[in-house]
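Novice: So I've got this file, entry_11.cif, and it contains mmCIF, N, CA and C atoms:
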```cif
data_data
loop_
_atom_site.label_atom_id
_atom_site.label_comp_id
_atom_site.auth_asym_id
_atom_site.auth_seq_id
_atom_site.Cartn_x
_atom_site.Cartn_y
_atom_site.Cartn_z
N MET A 213 7.90 -12.76 -9.20
CA MET A 213 8.55 -12.01 -8.14
C MET A 213 8.37 -12.77 -6.84
N THR A 214 9.43 -12.93 -6.10
CA THR A 214 9.36 -13.64 -4.83
C THR A 214 8.75 -12.75 -3.75
N PHE A 215 8.32 -13.40 -2.69
CA PHE A 215 7.78 -12.68 -1.55
C PHE A 215 8.81 -11.70 -0.99
N GLU A 216 10.07 -12.15 -0.89
CA GLU A 216 11.14 -11.28 -0.39
C GLU A 216 11.31 -10.06 -1.28
N ASP A 217 11.38 -10.27 -2.58
CA ASP A 217 11.54 -9.15 -3.52
C ASP A 217 10.37 -8.18 -3.42
N TRP A 218 9.17 -8.74 -3.31
CA TRP A 218 7.97 -7.91 -3.20
C TRP A 218 8.04 -7.02 -1.95
N MET A 219 8.46 -7.59 -0.83
CA MET A 219 8.56 -6.80 0.40
C MET A 219 9.61 -5.70 0.27
N ARG A 220 10.73 -6.01 -0.36
CA ARG A 220 11.76 -4.99 -0.57
C ARG A 220 11.23 -3.85 -1.43
N LEU A 221 10.48 -4.20 -2.48
CA LEU A 221 9.88 -3.17 -3.34
C LEU A 221 8.88 -2.30 -2.58
N ARG A 222 8.29 -2.86 -1.55
CA ARG A 222 7.32 -2.12 -0.73
C ARG A 222 8.01 -1.28 0.34
N GLY A 223 9.34 -1.37 0.40
CA GLY A 223 10.09 -0.52 1.32
C GLY A 223 10.30 -1.09 2.72
N LEU A 224 10.04 -2.36 2.92
CA LEU A 224 10.29 -2.93 4.23
C LEU A 224 11.79 -3.04 4.47
N SER A 225 12.17 -2.91 5.72
CA SER A 225 13.58 -3.02 6.07
C SER A 225 14.07 -4.44 5.81
N GLU A 226 15.36 -4.60 5.63
CA GLU A 226 15.93 -5.92 5.39
C GLU A 226 15.63 -6.86 6.56
N SER A 227 15.64 -6.30 7.76
CA SER A 227 15.33 -7.09 8.95
C SER A 227 13.90 -7.62 8.89
N SER A 228 12.94 -6.77 8.53
CA SER A 228 11.54 -7.19 8.43
C SER A 228 11.36 -8.21 7.32
N VAL A 229 12.03 -8.00 6.19
CA VAL A 229 11.95 -8.93 5.07
C VAL A 229 12.37 -10.32 5.54
N LYS A 230 13.49 -10.42 6.21
CA LYS A 230 14.00 -11.71 6.66
C LYS A 230 13.08 -12.34 7.71
N LYS A 231 12.58 -11.54 8.64
CA LYS A 231 11.69 -12.07 9.67
C LYS A 231 10.40 -12.60 9.07
N TYR A 232 9.76 -11.80 8.21
CA TYR A 232 8.48 -12.20 7.63
C TYR A 232 8.63 -13.40 6.71
N GLU A 233 9.65 -13.40 5.87
CA GLU A 233 9.87 -14.52 4.96
C GLU A 233 10.16 -15.79 5.74
N GLY A 234 10.99 -15.65 6.77
CA GLY A 234 11.31 -16.80 7.61
C GLY A 234 10.10 -17.33 8.36
N ALA A 235 9.25 -16.44 8.81
CA ALA A 235 8.04 -16.86 9.53
C ALA A 235 7.09 -17.62 8.60
N VAL A 236 6.90 -17.11 7.39
CA VAL A 236 5.98 -17.75 6.45
C VAL A 236 6.53 -19.07 5.93
N SER A 237 7.79 -19.07 5.50
CA SER A 237 8.35 -20.29 4.89
C SER A 237 8.88 -21.27 5.94
N GLY A 238 9.10 -20.80 7.15
CA GLY A 238 9.66 -21.65 8.20
C GLY A 238 8.63 -22.07 9.23
N ALA A 239 8.60 -21.33 10.33
CA ALA A 239 7.81 -21.72 11.50
C ALA A 239 6.33 -21.95 11.18
N MET A 240 5.69 -21.00 10.51
CA MET A 240 4.25 -21.15 10.27
C MET A 240 3.96 -22.27 9.29
N SER A 241 4.84 -22.48 8.31
CA SER A 241 4.67 -23.62 7.40
C SER A 241 4.77 -24.93 8.18
N ASP A 242 5.72 -25.00 9.10
CA ASP A 242 5.85 -26.19 9.94
C ASP A 242 4.59 -26.41 10.77
N TRP A 243 4.04 -25.34 11.32
CA TRP A 243 2.85 -25.46 12.17
C TRP A 243 1.64 -25.98 11.39
N VAL A 244 1.44 -25.49 10.14
CA VAL A 244 0.28 -25.97 9.37
C VAL A 244 0.46 -27.43 8.98
N ILE A 245 1.69 -27.84 8.74
CA ILE A 245 1.94 -29.24 8.40
C ILE A 245 1.74 -30.12 9.63
N GLU A 246 2.36 -29.72 10.74
CA GLU A 246 2.24 -30.49 11.99
C GLU A 246 0.81 -30.51 12.50
N GLY A 247 0.07 -29.43 12.25
CA GLY A 247 -1.33 -29.35 12.70
C GLY A 247 -2.30 -30.05 11.76
N GLY A 248 -1.79 -30.64 10.69
CA GLY A 248 -2.64 -31.36 9.75
C GLY A 248 -3.52 -30.46 8.89
N ILE A 249 -3.16 -29.19 8.80
CA ILE A 249 -3.96 -28.25 8.03
C ILE A 249 -3.67 -28.38 6.54
N MET A 250 -2.41 -28.61 6.21
CA MET A 250 -2.03 -28.83 4.81
C MET A 250 -0.77 -29.68 4.77
N ASP A 251 -0.45 -30.17 3.58
CA ASP A 251 0.68 -31.09 3.45
C ASP A 251 1.99 -30.42 3.09
N GLY A 252 1.96 -29.17 2.66
CA GLY A 252 3.17 -28.49 2.24
C GLY A 252 3.28 -27.12 2.88
N PRO A 253 4.30 -26.38 2.50
CA PRO A 253 4.52 -25.06 3.10
C PRO A 253 3.50 -24.02 2.64
N LEU A 254 3.33 -22.99 3.44
CA LEU A 254 2.42 -21.90 3.07
C LEU A 254 2.80 -21.27 1.74
N THR A 255 4.09 -21.24 1.45
CA THR A 255 4.56 -20.61 0.22
C THR A 255 4.15 -21.39 -1.03
N SER A 256 3.60 -22.59 -0.86
CA SER A 256 3.12 -23.34 -2.02
C SER A 256 1.74 -22.85 -2.46
N ILE A 257 1.12 -22.02 -1.66
CA ILE A 257 -0.20 -21.49 -1.99
C ILE A 257 -0.04 -20.21 -2.80
N LEU A 258 -0.64 -20.19 -3.98
CA LEU A 258 -0.57 -19.00 -4.83
C LEU A 258 -1.94 -18.37 -5.03
N ASN A 259 -2.94 -18.90 -4.37
CA ASN A 259 -4.31 -18.40 -4.48
C ASN A 259 -4.69 -17.72 -3.17
N HIS A 260 -5.05 -16.46 -3.24
CA HIS A 260 -5.35 -15.70 -2.03
C HIS A 260 -6.47 -16.31 -1.20
N SER A 261 -7.55 -16.71 -1.83
CA SER A 261 -8.68 -17.27 -1.08
C SER A 261 -8.29 -18.56 -0.37
N ARG A 262 -7.55 -19.40 -1.04
CA ARG A 262 -7.07 -20.63 -0.40
C ARG A 262 -6.18 -20.28 0.78
N PHE A 263 -5.31 -19.30 0.58
CA PHE A 263 -4.43 -18.87 1.67
C PHE A 263 -5.23 -18.38 2.86
N GLU A 264 -6.26 -17.59 2.61
CA GLU A 264 -7.06 -17.04 3.71
C GLU A 264 -7.74 -18.15 4.50
N SER A 265 -8.23 -19.19 3.83
CA SER A 265 -8.86 -20.29 4.56
C SER A 265 -7.85 -21.03 5.42
N ILE A 266 -6.64 -21.18 4.92
CA ILE A 266 -5.57 -21.81 5.70
C ILE A 266 -5.17 -20.90 6.87
N ALA A 267 -5.06 -19.60 6.60
CA ALA A 267 -4.65 -18.65 7.64
C ALA A 267 -5.63 -18.63 8.80
N ILE A 268 -6.92 -18.76 8.51
CA ILE A 268 -7.92 -18.80 9.58
C ILE A 268 -7.64 -19.97 10.51
N ARG A 269 -7.37 -21.11 9.94
CA ARG A 269 -7.11 -22.31 10.74
C ARG A 269 -5.78 -22.20 11.48
N LEU A 270 -4.78 -21.62 10.82
CA LEU A 270 -3.48 -21.42 11.46
C LEU A 270 -3.61 -20.53 12.68
N ARG A 271 -4.36 -19.45 12.55
CA ARG A 271 -4.53 -18.50 13.66
C ARG A 271 -5.21 -19.14 14.86
N ASN A 272 -5.91 -20.24 14.65
CA ASN A 272 -6.58 -20.94 15.75
C ASN A 272 -5.67 -21.92 16.48
N LEU A 273 -4.50 -22.21 15.94
CA LEU A 273 -3.58 -23.13 16.60
C LEU A 273 -2.98 -22.48 17.85
N SER A 274 -2.89 -23.23 18.92
CA SER A 274 -2.37 -22.68 20.17
C SER A 274 -0.91 -22.24 20.02
N ILE A 275 -0.10 -22.98 19.26
CA ILE A 275 1.30 -22.59 19.09
C ILE A 275 1.40 -21.24 18.37
N TYR A 276 0.53 -21.03 17.40
CA TYR A 276 0.51 -19.74 16.68
C TYR A 276 0.15 -18.62 17.67
N GLN A 277 -0.89 -18.83 18.44
CA GLN A 277 -1.35 -17.79 19.36
C GLN A 277 -0.28 -17.46 20.40
N GLU A 278 0.36 -18.49 20.93
CA GLU A 278 1.41 -18.28 21.93
C GLU A 278 2.60 -17.53 21.34
N ARG A 279 3.08 -18.00 20.20
CA ARG A 279 4.26 -17.37 19.59
C ARG A 279 3.95 -15.98 19.05
N ASN A 280 2.74 -15.79 18.54
CA ASN A 280 2.37 -14.47 18.03
C ASN A 280 2.32 -13.45 19.18
N GLU A 281 1.79 -13.88 20.31
CA GLU A 281 1.75 -12.98 21.47
C GLU A 281 3.15 -12.68 21.97
N ARG A 282 3.96 -13.72 22.09
CA ARG A 282 5.34 -13.55 22.54
C ARG A 282 6.15 -12.70 21.56
N GLY A 283 5.84 -12.82 20.29
CA GLY A 283 6.55 -12.09 19.24
C GLY A 283 5.95 -10.74 18.90
N HIS A 284 5.09 -10.23 19.78
CA HIS A 284 4.49 -8.91 19.61
C HIS A 284 3.78 -8.78 18.26
N ASN A 285 3.00 -9.81 17.89
CA ASN A 285 2.13 -9.81 16.71
C ASN A 285 2.90 -9.94 15.39
N MET A 286 4.16 -10.35 15.45
CA MET A 286 4.96 -10.48 14.24
C MET A 286 4.40 -11.52 13.28
N TYR A 287 3.92 -12.66 13.81
CA TYR A 287 3.40 -13.71 12.93
C TYR A 287 2.13 -13.25 12.22
N ASN A 288 1.30 -12.52 12.90
CA ASN A 288 0.10 -11.98 12.26
C ASN A 288 0.48 -10.98 11.16
N SER A 289 1.47 -10.16 11.43
CA SER A 289 1.94 -9.21 10.43
C SER A 289 2.50 -9.93 9.21
N ALA A 290 3.24 -11.00 9.44
CA ALA A 290 3.80 -11.78 8.33
C ALA A 290 2.69 -12.41 7.49
N LEU A 291 1.66 -12.94 8.14
CA LEU A 291 0.53 -13.51 7.39
C LEU A 291 -0.16 -12.44 6.56
N ASN A 292 -0.35 -11.27 7.14
CA ASN A 292 -1.00 -10.18 6.41
C ASN A 292 -0.18 -9.75 5.21
N LYS A 293 1.13 -9.69 5.35
CA LYS A 293 2.00 -9.32 4.23
C LYS A 293 1.94 -10.36 3.13
N TYR A 294 1.93 -11.64 3.50
CA TYR A 294 1.86 -12.68 2.48
C TYR A 294 0.51 -12.61 1.74
N ALA A 295 -0.55 -12.32 2.48
CA ALA A 295 -1.87 -12.16 1.84
C ALA A 295 -1.85 -10.99 0.85
N GLU A 296 -1.24 -9.88 1.23
CA GLU A 296 -1.12 -8.72 0.32
C GLU A 296 -0.34 -9.10 -0.93
N TYR A 297 0.75 -9.84 -0.73
CA TYR A 297 1.58 -10.30 -1.84
C TYR A 297 0.76 -11.14 -2.82
N LEU A 298 -0.02 -12.06 -2.29
CA LEU A 298 -0.84 -12.89 -3.16
C LEU A 298 -1.89 -12.07 -3.90
N LEU A 299 -2.48 -11.11 -3.22
CA LEU A 299 -3.48 -10.26 -3.87
C LEU A 299 -2.87 -9.48 -5.03
N GLU A 300 -1.71 -8.96 -4.84
CA GLU A 300 -1.08 -8.13 -5.87
C GLU A 300 -0.48 -8.94 -6.99
N GLY A 301 0.06 -10.11 -6.67
CA GLY A 301 0.83 -10.82 -7.67
C GLY A 301 0.15 -11.98 -8.36
N PHE A 302 -0.78 -12.62 -7.69
CA PHE A 302 -1.27 -13.88 -8.25
C PHE A 302 -2.78 -14.00 -8.31
N ASP A 303 -3.50 -13.29 -7.51
CA ASP A 303 -4.93 -13.56 -7.36
C ASP A 303 -5.75 -12.67 -8.28
N SER A 304 -6.32 -13.25 -9.33
CA SER A 304 -7.12 -12.42 -10.23
C SER A 304 -8.39 -13.10 -10.69
N ASP A 305 -8.60 -14.36 -10.38
CA ASP A 305 -9.74 -15.11 -10.87
C ASP A 305 -10.75 -15.34 -9.75
N ILE A 306 -11.75 -14.48 -9.68
CA ILE A 306 -12.74 -14.54 -8.61
C ILE A 306 -13.51 -15.86 -8.64
N GLU A 307 -13.91 -16.29 -9.82
CA GLU A 307 -14.68 -17.54 -9.93
C GLU A 307 -13.89 -18.73 -9.39
N ALA A 308 -12.63 -18.82 -9.75
CA ALA A 308 -11.78 -19.91 -9.26
C ALA A 308 -11.61 -19.83 -7.75
N ASP A 309 -11.51 -18.61 -7.23
CA ASP A 309 -11.36 -18.43 -5.80
C ASP A 309 -12.61 -18.89 -5.05
N VAL A 310 -13.78 -18.52 -5.57
CA VAL A 310 -15.03 -18.92 -4.93
C VAL A 310 -15.17 -20.44 -4.95
N GLU A 311 -14.84 -21.05 -6.08
CA GLU A 311 -14.88 -22.51 -6.17
C GLU A 311 -13.92 -23.15 -5.17
N SER A 312 -12.74 -22.56 -5.04
CA SER A 312 -11.75 -23.08 -4.09
C SER A 312 -12.28 -23.00 -2.66
N ILE A 313 -12.90 -21.90 -2.32
CA ILE A 313 -13.46 -21.73 -0.98
C ILE A 313 -14.55 -22.77 -0.73
N LEU A 314 -15.46 -22.92 -1.69
CA LEU A 314 -16.57 -23.84 -1.53
C LEU A 314 -16.11 -25.30 -1.42
N SER A 315 -14.99 -25.61 -2.03
CA SER A 315 -14.50 -27.00 -2.00
C SER A 315 -13.76 -27.36 -0.72
N GLU A 316 -13.46 -26.37 0.10
CA GLU A 316 -12.74 -26.63 1.35
C GLU A 316 -13.64 -27.42 2.30
N ASP A 317 -13.15 -28.57 2.74
CA ASP A 317 -13.91 -29.41 3.67
C ASP A 317 -13.68 -29.02 5.12
N ASN A 318 -12.60 -28.33 5.38
CA ASN A 318 -12.17 -28.11 6.76
C ASN A 318 -12.56 -26.75 7.34
N ILE A 319 -13.42 -26.01 6.65
CA ILE A 319 -13.87 -24.74 7.21
C ILE A 319 -15.39 -24.73 7.25
N THR A 320 -15.93 -23.99 8.19
CA THR A 320 -17.38 -23.96 8.38
C THR A 320 -18.06 -23.17 7.28
N ASP A 321 -19.35 -23.38 7.14
CA ASP A 321 -20.13 -22.63 6.15
C ASP A 321 -20.08 -21.14 6.44
N THR A 322 -20.07 -20.78 7.71
CA THR A 322 -19.99 -19.36 8.09
C THR A 322 -18.67 -18.77 7.62
N ASP A 323 -17.55 -19.48 7.86
CA ASP A 323 -16.25 -19.00 7.40
C ASP A 323 -16.20 -18.94 5.88
N LYS A 324 -16.81 -19.92 5.21
CA LYS A 324 -16.85 -19.89 3.74
C LYS A 324 -17.58 -18.64 3.25
N ALA A 325 -18.73 -18.36 3.87
CA ALA A 325 -19.50 -17.18 3.46
C ALA A 325 -18.70 -15.89 3.67
N THR A 326 -17.99 -15.81 4.78
CA THR A 326 -17.16 -14.65 5.08
C THR A 326 -16.06 -14.50 4.04
N LEU A 327 -15.38 -15.59 3.73
CA LEU A 327 -14.30 -15.55 2.74
C LEU A 327 -14.82 -15.17 1.36
N ILE A 328 -15.96 -15.72 0.97
CA ILE A 328 -16.54 -15.40 -0.34
C ILE A 328 -16.93 -13.92 -0.41
N ASN A 329 -17.59 -13.44 0.62
CA ASN A 329 -17.98 -12.03 0.65
C ASN A 329 -16.77 -11.11 0.61
N THR A 330 -15.72 -11.49 1.32
CA THR A 330 -14.48 -10.70 1.31
C THR A 330 -13.87 -10.68 -0.07
N ARG A 331 -13.81 -11.84 -0.71
CA ARG A 331 -13.20 -11.93 -2.04
C ARG A 331 -14.00 -11.15 -3.07
N ILE A 332 -15.30 -11.27 -3.03
CA ILE A 332 -16.14 -10.55 -4.01
C ILE A 332 -16.04 -9.04 -3.77
N GLY A 333 -15.91 -8.65 -2.50
CA GLY A 333 -15.81 -7.22 -2.17
C GLY A 333 -14.51 -6.58 -2.61
N GLN A 334 -13.51 -7.39 -2.95
CA GLN A 334 -12.23 -6.84 -3.38
C GLN A 334 -12.36 -6.29 -4.78
#
```
Transcribe the structure of this file into structure tokens.
Specialist:
Amino acid sequence: MTFEDWMRLRGLSESSVKKYEGAVSGAMSDWVIEGGIMDGPLTSILNHSRFESIAIRLRNLSIYQERNERGHNMYNSALNKYAEYLLEGFDSDIEADVESILSEDNITDTDKATLINTRIGQ
């Protein structure tokens, strides 16, 4: 099931579906690539824990902060929806998620601990 289909099933308006999908696959994917956070689009991530580690770094980018404020928190809402989508549709292997978090070179030990605790708490 695609992210768009998932949002429609959750009852989001067609306008919200288009905005959120466009934000995740378009602008925010461009920002993570341009910011050197990852080599491909956000939609290439199918693991919730991996997505969360990328999202933390994305939220720290100045372009994200500026556009999110100007867009009345729309980008943050889109990230949260994509995280929900991954949780419901793809993320089921806690051990693999913990290993993925631990293997991340670009996040601090504190952020790793937070992500692991969050994942185990789910």
Novice: Between atom N of Ile313 of chain A and atom C of Ile257 of chain A, what is the distance in Å, rounded to a tenth?
Specialist: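 Calculated distance between atom N of Ile313 of chain A and atom C of Ile257 of chain A is 13.0 Å.
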Novice: Take atom C of Glu216 of chain A and atom CA of Val236 of chain A and report the distance between them in Å, one decimal.
Specialist: 12.1 Å
Novice: Per residue of segment 263-330 of chain A within 8 Å of segment 238-248 of chain A, note the shortest atom pair and the distance in Å to one decimal, counting all atoms listed in the file, and order the rows by chain and increasing residue number, as a tab-separated table.
Specialist:
```
residue	atom	partner	partner_atom	distance
A:Ile266	C	A:Val244	CA	7.9
A:Arg269	C	A:Val244	CA	7.4
A:Leu270	CA	A:Val244	CA	6.3
A:Leu273	CA	A:Gly247	CA	7.7
A:Ile275	C	A:Trp243	CA	7.6
A:Tyr276	N	A:Trp243	CA	7.2
A:Tyr287	CA	A:Met240	CA	7.9
```
Novice: Please identify the alpha helix (DSSP H) residues within segment 213-327 of chain A (assignment by DSSP from backbone atoms) and present them as a PyMOL selection string.
Specialist: chain A and resi 215-221+226-234+240-246+260-271+274-282+286-301+306-315+321-327
Novice: Quick one: residues within 10 Å of segment 322-327 of chain A, only C-alpha atoms, excluding same-chain residues fewer than 3 positions away - as a list in words?
Specialist: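 The neighbour list is Ser261, Arg262, Glu264, Ser265, Ile268, Asp309, Val310, Ser312, Ile313, Leu314, Ser315, Glu316, Asp317, Asn318, Ile319, Thr330, Arg331, Ile332 and Gly333 of chain A.
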Novice: Figure out the distance between atom CA of Asp321 of chain A and atom CA of Ala290 of chain A, please, to one decimal in Å.
Specialist: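 Interatomic distance, atom CA of Ala290 of chain A to atom CA of Asp321 of chain A: 26.4 Å.
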Novice: Restricting the calculation to only N, CA and C atoms: of A:Thr214, A:Ser289, A:Ser274, A:Ser256, which residue gets closest to Tyr232 of chain A?
Specialist: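 Counting only N, CA and C atoms, the residue closest to Tyr232 of chain A is A:Ser289.
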Novice: Determine the nearest neighbour of Asn280 of chain A from the options A:Met219, A:Ala235, A:Val229, A:Leu224, counting only C-alpha atoms.
Specialist: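 Using only C-alpha atoms, the shortest distance to Asn280 of chain A belongs to A:Ala235.
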Novice: I need the output of the PyMOL selection byres (((chain A and resi 296 and name CA) around 12) and name CA) for this file as a list in words; which residues are they?
Specialist: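 Checked against the file, the PyMOL selection byres (((chain A and resi 296 and name CA) around 12) and name CA) matches Phe215, Trp218, Met219, Arg222, Leu258, Asn259, His260, Ser261, Phe263, Glu264, Ser289, Ala290, Leu291, Asn292, Lys293, Tyr294, Ala295, Tyr297, Leu298, Leu299, Glu300, Gly301, Phe302, Asp303 and Gln334 of chain A.
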Novice: Show which residues sit within 9 Å of Ser237 of chain A, as a PyMOL selection string. Count only C-alpha atoms, and ignore same-chain residues fewer than 6 positions away.
Specialist: chain A and resi 253-255
Novice: May I ask which of the residues A:Lys231, A:Asp251, A:Ala267, A:Asn329 is the closest one to Met286 of chain A, counting all atoms listed in the file?
Specialist: A:Lys231
